[in-house]
>>> print(open('query20.txt').read())   # compact mmCIF, C-alpha atoms
# COMPACT_ATOMS: atom_id res chain seq x y z
CA MET D 1 0.00 0.00 0.00
CA ALA D 2 1.34 3.42 -0.90
CA ARG D 3 2.14 5.72 1.99
CA ARG D 4 -0.33 8.57 2.36
CA VAL D 5 1.21 12.01 1.99
CA SER D 6 -0.30 14.90 3.95
CA GLY D 7 -1.57 17.94 2.11
CA ARG D 8 0.86 20.22 3.92
CA ARG D 9 3.85 18.08 2.95
CA GLN D 10 2.65 17.86 -0.65
CA LEU D 11 2.29 21.66 -0.78
CA ALA D 12 5.79 22.12 0.66
CA VAL D 13 7.31 19.73 -1.87
CA THR D 14 5.47 21.51 -4.70
CA VAL D 15 6.69 24.93 -3.57
CA ILE D 16 10.28 23.69 -3.25
CA ALA D 17 10.13 22.05 -6.68
CA TRP D 18 8.81 25.24 -8.29
CA ALA D 19 11.47 27.31 -6.51
CA ILE D 20 14.25 25.02 -7.76
CA GLY D 21 12.77 25.01 -11.27
CA LEU D 22 12.55 28.82 -11.36
CA ALA D 23 16.10 29.14 -10.04
CA ILE D 24 17.37 26.88 -12.80
CA PHE D 25 15.34 28.65 -15.51
CA PHE D 26 16.08 32.19 -14.30
CA PRO D 27 19.42 32.59 -16.18
CA ILE D 28 17.67 31.63 -19.42
CA LEU D 29 14.82 34.06 -18.69
CA TRP D 30 17.31 36.83 -17.89
CA THR D 31 19.17 36.17 -21.14
CA ILE D 32 15.93 36.45 -23.11
CA LEU D 33 14.97 39.69 -21.35
CA THR D 34 18.45 41.18 -21.84
CA SER D 35 18.22 40.49 -25.56
CA PHE D 36 15.41 43.09 -25.76
CA LYS D 37 17.38 45.79 -23.95
CA SER D 38 19.78 48.39 -25.25
CA GLU D 39 23.45 47.99 -24.36
CA ALA D 40 23.17 50.78 -21.78
CA GLU D 41 20.20 49.12 -20.07
CA ALA D 42 21.88 45.72 -20.24
CA ILE D 43 24.72 46.90 -18.01
CA ALA D 44 22.68 49.29 -15.87
CA SER D 45 22.96 49.00 -12.09
CA PRO D 46 20.61 48.24 -10.51
CA PRO D 47 19.23 46.18 -13.38
CA SER D 48 15.62 46.51 -14.49
CA PHE D 49 13.57 43.35 -14.80
CA LEU D 50 10.61 44.43 -16.93
CA ALA D 51 10.53 48.22 -16.67
CA PHE D 52 12.75 49.05 -19.63
CA GLU D 53 12.30 50.17 -23.22
CA TRP D 54 11.92 47.02 -25.28
CA THR D 55 13.77 46.97 -28.61
CA LEU D 56 14.52 44.57 -31.46
CA GLU D 57 17.69 46.32 -32.57
CA ASN D 58 19.90 43.53 -31.17
CA TYR D 59 18.15 40.89 -33.26
CA GLU D 60 18.32 43.10 -36.32
CA GLU D 61 22.06 43.60 -35.89
CA VAL D 62 22.70 39.92 -35.20
CA ASN D 63 20.80 38.90 -38.34
CA SER D 64 22.58 41.52 -40.46
CA ARG D 65 26.02 40.66 -39.10
CA SER D 66 25.80 36.85 -39.08
CA ASN D 67 24.40 34.13 -41.30
CA TYR D 68 22.03 32.59 -38.77
CA PRO D 69 20.35 30.11 -41.19
CA LEU D 70 23.77 28.62 -42.07
CA HIS D 71 24.73 28.14 -38.41
CA PHE D 72 21.28 26.73 -37.67
CA MET D 73 21.47 24.18 -40.48
CA ASN D 74 24.99 23.22 -39.39
CA SER D 75 23.70 22.54 -35.86
CA VAL D 76 20.77 20.49 -37.16
CA ILE D 77 22.93 18.39 -39.50
CA ILE D 78 25.72 17.86 -36.97
CA SER D 79 23.47 17.00 -34.01
CA LEU D 80 21.10 14.72 -35.95
CA GLY D 81 23.89 13.18 -38.01
CA SER D 82 26.08 12.33 -35.01
CA THR D 83 23.10 10.94 -33.07
CA LEU D 84 21.84 8.73 -35.93
CA LEU D 85 25.35 7.45 -36.66
CA GLY D 86 25.80 6.74 -32.96
CA LEU D 87 22.53 4.79 -32.88
CA LEU D 88 23.61 2.67 -35.86
CA ILE D 89 26.75 1.70 -33.98
CA ALA D 90 25.27 1.48 -30.49
CA ILE D 91 22.17 -0.67 -31.17
CA PRO D 92 24.17 -3.79 -32.20
CA ALA D 93 26.73 -3.12 -29.45
CA ALA D 94 24.07 -2.76 -26.75
CA TRP D 95 22.24 -5.84 -28.08
CA SER D 96 25.35 -8.00 -27.79
CA MET D 97 26.13 -6.72 -24.29
CA ALA D 98 22.55 -7.17 -23.08
CA PHE D 99 21.72 -10.59 -24.59
CA VAL D 100 25.10 -12.21 -25.29
CA PRO D 101 27.24 -10.93 -22.40
CA ALA D 102 30.84 -11.98 -22.03
CA LYS D 103 33.03 -12.10 -18.94
CA ARG D 104 34.36 -8.61 -19.60
CA THR D 105 31.09 -6.96 -20.64
CA LYS D 106 30.74 -4.96 -17.43
CA ASP D 107 34.40 -3.98 -17.59
CA ILE D 108 33.95 -2.76 -21.17
CA LEU D 109 30.89 -0.74 -20.19
CA MET D 110 32.78 0.86 -17.30
CA TRP D 111 35.76 1.56 -19.55
CA MET D 112 33.49 3.23 -22.12
CA LEU D 113 31.95 5.39 -19.40
CA SER D 114 35.38 6.28 -18.01
CA THR D 115 36.32 7.89 -21.33
CA LYS D 116 33.77 10.62 -20.54
CA MET D 117 35.94 11.59 -17.56
CA LEU D 118 38.87 12.46 -19.82
CA PRO D 119 39.27 16.25 -20.26
CA PRO D 120 38.68 17.02 -23.96
CA VAL D 121 41.70 19.31 -24.04
CA GLY D 122 43.87 16.26 -23.32
CA VAL D 123 43.19 14.83 -26.78
CA LEU D 124 42.67 18.07 -28.68
CA ILE D 125 46.12 18.18 -30.32
CA PRO D 126 46.15 14.63 -31.75
CA ILE D 127 42.57 14.93 -33.00
CA TYR D 128 43.29 18.35 -34.49
CA LEU D 129 46.36 17.00 -36.31
CA MET D 130 44.43 13.99 -37.64
CA PHE D 131 41.62 16.25 -38.85
CA ARG D 132 44.18 18.51 -40.53
CA ASP D 133 45.88 15.60 -42.30
CA PHE D 134 42.58 14.09 -43.48
CA GLY D 135 41.10 17.41 -44.56
CA LEU D 136 38.27 17.29 -41.99
CA LEU D 137 38.83 20.69 -40.37
CA ASP D 138 35.83 23.00 -40.68
CA THR D 139 33.64 20.25 -42.20
CA ARG D 140 30.30 18.90 -41.11
CA ILE D 141 31.50 15.32 -41.61
CA GLY D 142 34.40 15.88 -39.23
CA LEU D 143 32.16 17.22 -36.49
CA VAL D 144 29.65 14.41 -37.00
CA VAL D 145 32.44 11.87 -36.51
CA VAL D 146 33.95 13.47 -33.42
CA LEU D 147 30.58 14.10 -31.72
CA THR D 148 29.54 10.52 -32.47
CA LEU D 149 32.65 9.22 -30.71
CA ILE D 150 32.17 11.60 -27.78
CA ASN D 151 28.52 10.66 -27.13
CA LEU D 152 28.77 6.97 -28.07
CA PRO D 153 29.38 5.78 -24.47
CA ILE D 154 26.18 7.50 -23.30
CA ILE D 155 24.18 6.06 -26.22
CA VAL D 156 25.46 2.53 -25.55
CA TRP D 157 24.77 2.77 -21.82
CA MET D 158 21.23 4.07 -22.29
CA LEU D 159 20.35 1.46 -24.90
CA PHE D 160 21.94 -1.29 -22.81
CA THR D 161 19.67 -0.28 -19.92
CA TYR D 162 16.57 -0.41 -22.14
CA PHE D 163 17.50 -3.72 -23.75
CA LYS D 164 18.08 -5.35 -20.34
CA GLU D 165 14.43 -4.67 -19.55
CA ILE D 166 13.24 -6.69 -22.56
CA PRO D 167 12.65 -10.40 -21.72
CA GLY D 168 15.16 -12.61 -23.49
CA GLU D 169 12.45 -15.22 -24.03
CA ILE D 170 10.91 -13.01 -26.73
CA LEU D 171 14.12 -13.11 -28.77
CA GLU D 172 14.44 -16.85 -28.18
CA ALA D 173 10.91 -17.31 -29.52
CA ALA D 174 11.85 -15.31 -32.61
CA ARG D 175 14.87 -17.57 -33.14
CA MET D 176 12.64 -20.64 -32.81
CA ASP D 177 10.45 -19.19 -35.57
CA GLY D 178 13.47 -18.97 -37.85
CA ALA D 179 14.42 -15.31 -37.43
CA SER D 180 17.97 -14.48 -38.40
CA LEU D 181 20.21 -12.22 -36.33
CA TRP D 182 19.32 -9.27 -38.58
CA ASP D 183 15.58 -10.00 -38.27
CA GLU D 184 15.92 -10.34 -34.52
CA VAL D 185 17.56 -6.95 -34.09
CA VAL D 186 15.58 -5.01 -36.71
CA TYR D 187 12.09 -6.52 -36.56
CA VAL D 188 11.83 -7.76 -32.96
CA LEU D 189 14.18 -5.86 -30.65
CA THR D 190 14.14 -2.40 -32.22
CA PRO D 191 10.31 -1.98 -32.37
CA MET D 192 10.03 -3.04 -28.73
CA ALA D 193 12.70 -0.53 -27.71
CA VAL D 194 11.29 2.43 -29.68
CA PRO D 195 10.53 4.50 -26.51
CA GLY D 196 14.05 3.94 -25.24
CA ILE D 197 15.63 4.68 -28.61
CA ALA D 198 13.55 7.87 -28.90
CA SER D 199 14.66 9.03 -25.44
CA THR D 200 18.28 8.29 -26.30
CA LEU D 201 17.96 10.16 -29.59
CA LEU D 202 16.44 13.25 -27.96
CA LEU D 203 19.00 13.42 -25.17
CA ASN D 204 21.96 13.04 -27.50
CA VAL D 205 20.61 15.59 -29.96
CA ILE D 206 20.57 18.07 -27.06
CA LEU D 207 24.10 17.09 -26.00
CA ALA D 208 25.42 17.46 -29.56
CA TRP D 209 23.54 20.75 -30.06
CA ASN D 210 25.15 22.23 -26.93
CA GLU D 211 28.68 20.95 -27.56
CA ALA D 212 31.02 23.94 -27.64
CA PHE D 213 34.59 22.78 -27.09
CA TRP D 214 35.00 20.74 -30.26
CA THR D 215 32.90 22.99 -32.46
CA LEU D 216 34.99 26.01 -31.50
CA ASN D 217 38.32 24.25 -32.04
CA LEU D 218 37.57 22.25 -35.19
CA THR D 219 35.54 24.79 -37.20
CA ALA D 220 36.07 28.28 -38.58
CA ALA D 221 33.23 29.42 -40.83
CA LYS D 222 31.79 26.82 -43.19
CA ALA D 223 30.72 24.19 -40.65
CA ALA D 224 30.41 26.43 -37.58
CA PRO D 225 27.20 25.61 -35.64
CA LEU D 226 25.26 27.86 -33.28
CA THR D 227 27.75 27.45 -30.43
CA ALA D 228 30.38 29.15 -32.61
CA PHE D 229 27.72 31.67 -33.65
CA ILE D 230 27.35 32.70 -29.98
CA ALA D 231 31.11 32.82 -29.39
CA SER D 232 31.55 35.24 -32.29
CA TYR D 233 29.91 37.96 -30.17
CA SER D 234 32.66 37.80 -27.56
CA SER D 235 35.55 39.90 -28.88
CA PRO D 236 38.72 41.54 -27.52
CA GLU D 237 36.82 44.82 -27.63
CA GLY D 238 34.60 43.57 -24.81
CA LEU D 239 31.33 41.80 -24.19
CA PHE D 240 28.24 43.37 -25.73
CA TYR D 241 25.71 41.80 -23.39
CA ALA D 242 22.55 42.74 -25.27
CA LYS D 243 23.79 41.46 -28.63
CA LEU D 244 25.35 38.37 -27.02
CA SER D 245 22.01 37.68 -25.31
CA ALA D 246 20.16 38.04 -28.62
CA ALA D 247 22.56 35.58 -30.29
CA SER D 248 22.22 33.19 -27.35
CA THR D 249 18.41 33.38 -27.47
CA LEU D 250 18.39 32.58 -31.18
CA ALA D 251 20.72 29.63 -30.54
CA ILE D 252 18.86 28.09 -27.62
CA ALA D 253 15.31 28.72 -28.86
CA PRO D 254 15.09 25.60 -31.10
CA ILE D 255 16.42 23.26 -28.42
CA LEU D 256 14.19 24.84 -25.74
CA ILE D 257 11.15 24.20 -27.92
CA LEU D 258 12.28 20.63 -28.58
CA GLY D 259 12.88 20.04 -24.87
CA TRP D 260 9.49 21.50 -23.92
CA PHE D 261 7.52 19.23 -26.25
CA SER D 262 9.59 16.14 -25.46
CA GLN D 263 10.06 16.62 -21.71
CA LYS D 264 7.99 13.57 -20.75
CA GLN D 265 10.04 11.37 -23.04
CA LEU D 266 13.28 12.85 -21.72
CA VAL D 267 12.29 12.33 -18.07
CA ARG D 268 11.30 8.75 -18.84
CA GLY D 269 14.60 8.18 -20.55
CA LEU D 270 16.70 9.65 -17.75
CA THR D 271 14.82 7.74 -15.00
CA PHE D 272 14.27 4.45 -16.86
CA GLY D 273 15.12 1.50 -14.69
CA ALA D 274 15.44 3.59 -11.51
CA VAL D 275 12.07 2.41 -10.18
CA LYS D 276 10.81 -1.09 -10.76
>>> encode(input="query20.txt", output="structure tokens")
Amino acid sequence: MARRVSGRRQLAVTVIAWAIGLAIFFPILWTILTSFKSEAEAIASPPSFLAFEWTLENYEEVNSRSNYPLHFMNSVIISLGSTLLGLLIAIPAAWSMAFVPAKRTKDILMWMLSTKMLPPVGVLIPIYLMFRDFGLLDTRIGLVVVLTLINLPIIVWMLFTYFKEIPGEILEAARMDGASLWDEVVYVLTPMAVPGIASTLLLNVILAWNEAFWTLNLTAAKAAPLTAFIASYSSPEGLFYAKLSAASTLAIAPILILGWFSQKQLVRGLTFGAVK
């Protein structure tokens, strides 16, 4: 029987949750509001929250100065491309680890996860030199490859968790009916794991969209995504907060909309397997 929660405790938990949520969202809200201010109002002290003269001049200057559609398309292609390529590699890998485990399967999974603890700057020089020699600098293909490798451990771990929840007897029944290995993975396992695959896809699109270190170091102009688009408004002359906020708002708006409409799927994906 579930434990009854008092109304006062439920109200307190709700208030605390809203307070934490607003605290997390406040920097984004402040960035959006600053994007509608003039530069003088953006650095005014004390700052004004809503009582200021709203203007669109920052967006007009950002659009006239930068090629936003190009950066946007680069972000879409790089994030979707790296995620789909990662899924193509991770689905067979996670299947083998979940249903045909070896003695070292857990060690391999832990080793894959440990690679995420490596500071990216530690491998920047060798990767940069390899990209230079293979002509992959400032190319979408190069960024797709490097972001696939960076996020692959997370994709494998998430899919492994989903696949472990699928009864092995279902796959055995498919084998008894004459299904080949390809049929088993494509027509039996994958359709059953669609919610998990969708959650993994959404989370890794967000991670790839927000990746800044590699996009800033491996691109210049042609393949620069929105993270490089934001960085272009930080110059030796100083920080122009209003214009930087406008560029940031344009960059985060698509992923905020995606996260808002897919939040239930994302929460399910991040908490899958935590409660049984």
>>> atom_distance(input="query20.txt", atom1="atom CA of D:Ala102", atom2="atom CA of D:Ala90")
16.8 Å
>>> closest_residue(input="query20.txt", among="D:Thr105, D:Asn151, D:Ser199, D:Ser96", to="D:Phe163", atoms="only C-alpha atoms")
D:Ser96
>>> closest_atom_pairs(input="query20.txt", of="stretch 3-119 of chain D", to="stretch 164-176 of chain D", cutoff="9 Å", atoms="only C-alpha atoms", output="CSV")
residue,atom,partner,partner_atom,distance
D:Trp95,CA,D:Lys164,CA,8.8
D:Ala98,CA,D:Lys164,CA,5.5
D:Phe99,CA,D:Gly168,CA,7.0
>>> closest_residue(input="query20.txt", among="D:Leu22, D:Ala223, D:Ala193, D:Leu152", to="D:Lys116", atoms="only C-alpha atoms")
D:Leu152
>>> residues_around(input="query20.txt", residues="D:Thr227", least_positions_apart="5", cutoff="10 Å", atoms="only C-alpha atoms", output="ChimeraX atom specification")
/D:71-72,75,209-216,232,247-248,251-252
>>> atom_distance(input="query20.txt", atom1="atom CA of D:Tyr162", atom2="atom CA of D:Gly178")
24.5 Å
>>> residues_around(input="query20.txt", residues="D:Arg140", least_positions_apart="6", cutoff="8 Å", atoms="only C-alpha atoms", output="ChimeraX atom specification")
/D:74,77-78,223
>>> write_last_selection(input="query20.txt", atoms="C-alpha atoms", output="PDB file, keeping the file's coordinate frame")
ATOM      1  CA  ASN D  74      24.990  23.220 -39.390  1.00  0.00           C
ATOM      2  CA  ILE D  77      22.930  18.390 -39.500  1.00  0.00           C
ATOM      3  CA  ILE D  78      25.720  17.860 -36.970  1.00  0.00           C
ATOM      4  CA  ALA D 223      30.720  24.190 -40.650  1.00  0.00           C
TER       5      ALA D 223
END
>>> residues_around(input="query20.txt", residues="D:Ile91", least_positions_apart="6", cutoff="9 Å", atoms="all atoms listed in the file", output="NGL selection string")
:D and (155-156 or 159-160 or 185 or 190 or 197)
>>> write_last_selection(input="query20.txt", atoms="C-alpha atoms", output="short mmCIF file (atom, residue, chain, number, x, y, z; two decimals), in the coordinates of the input")
data_model
loop_
_atom_site.label_atom_id
_atom_site.label_comp_id
_atom_site.auth_asym_id
_atom_site.auth_seq_id
_atom_site.Cartn_x
_atom_site.Cartn_y
_atom_site.Cartn_z
CA ILE D 155 24.18 6.06 -26.22
CA VAL D 156 25.46 2.53 -25.55
CA LEU D 159 20.35 1.46 -24.90
CA PHE D 160 21.94 -1.29 -22.81
CA VAL D 185 17.56 -6.95 -34.09
CA THR D 190 14.14 -2.40 -32.22
CA ILE D 197 15.63 4.68 -28.61
#
>>> atom_distance(input="query20.txt", atom1="atom CA of D:Phe25", atom2="atom CA of D:Ser262")
17.0 Å
>>> residues_around(input="query20.txt", residues="D:Ile108", least_positions_apart="6", cutoff="12 Å", atoms="all atoms listed in the file", output="PyMOL selection string")
chain D and resi 93-94+97+101-102+114-115+153+156-157
>>> residues_around(input="query20.txt", residues="D:Phe36", least_positions_apart="4", cutoff="7 Å", atoms="all atoms listed in the file", output="PyMOL selection string")
chain D and resi 54-56
>>> closest_residue(input="query20.txt", among="D:Pro47, D:Leu113, D:Leu201, D:Thr14", to="D:Leu84", atoms="all atoms listed in the file")
D:Leu201
>>> closest_atom_pairs(input="query20.txt", of="stretch 146-167 of chain D", to="stretch 120-138 of chain D", cutoff="12 Å", atoms="only C-alpha atoms", output="tab-separated table")
residue	atom	partner	partner_atom	distance
D:Val146	CA	D:Ile127	CA	8.8
D:Leu147	CA	D:Pro120	CA	11.6
D:Leu149	CA	D:Ile127	CA	11.7
D:Ile150	CA	D:Pro120	CA	9.3
>>> write_last_selection(input="query20.txt", atoms="C-alpha atoms", output="PDB file, keeping the file's coordinate frame")
ATOM      1  CA  VAL D 146      33.950  13.470 -33.420  1.00  0.00           C
ATOM      2  CA  LEU D 147      30.580  14.100 -31.720  1.00  0.00           C
ATOM      3  CA  LEU D 149      32.650   9.220 -30.710  1.00  0.00           C
ATOM      4  CA  ILE D 150      32.170  11.600 -27.780  1.00  0.00           C
TER       5      ILE D 150
END
>>> closest_residue(input="query20.txt", among="D:Ala198, D:Ala242, D:Leu189, D:Leu218", to="D:Pro92", atoms="only C-alpha atoms")
D:Leu189
>>> closest_residue(input="query20.txt", among="D:Pro225, D:Ala179, D:Glu57, D:Leu70", to="D:Leu143", atoms="all atoms listed in the file")
D:Pro225
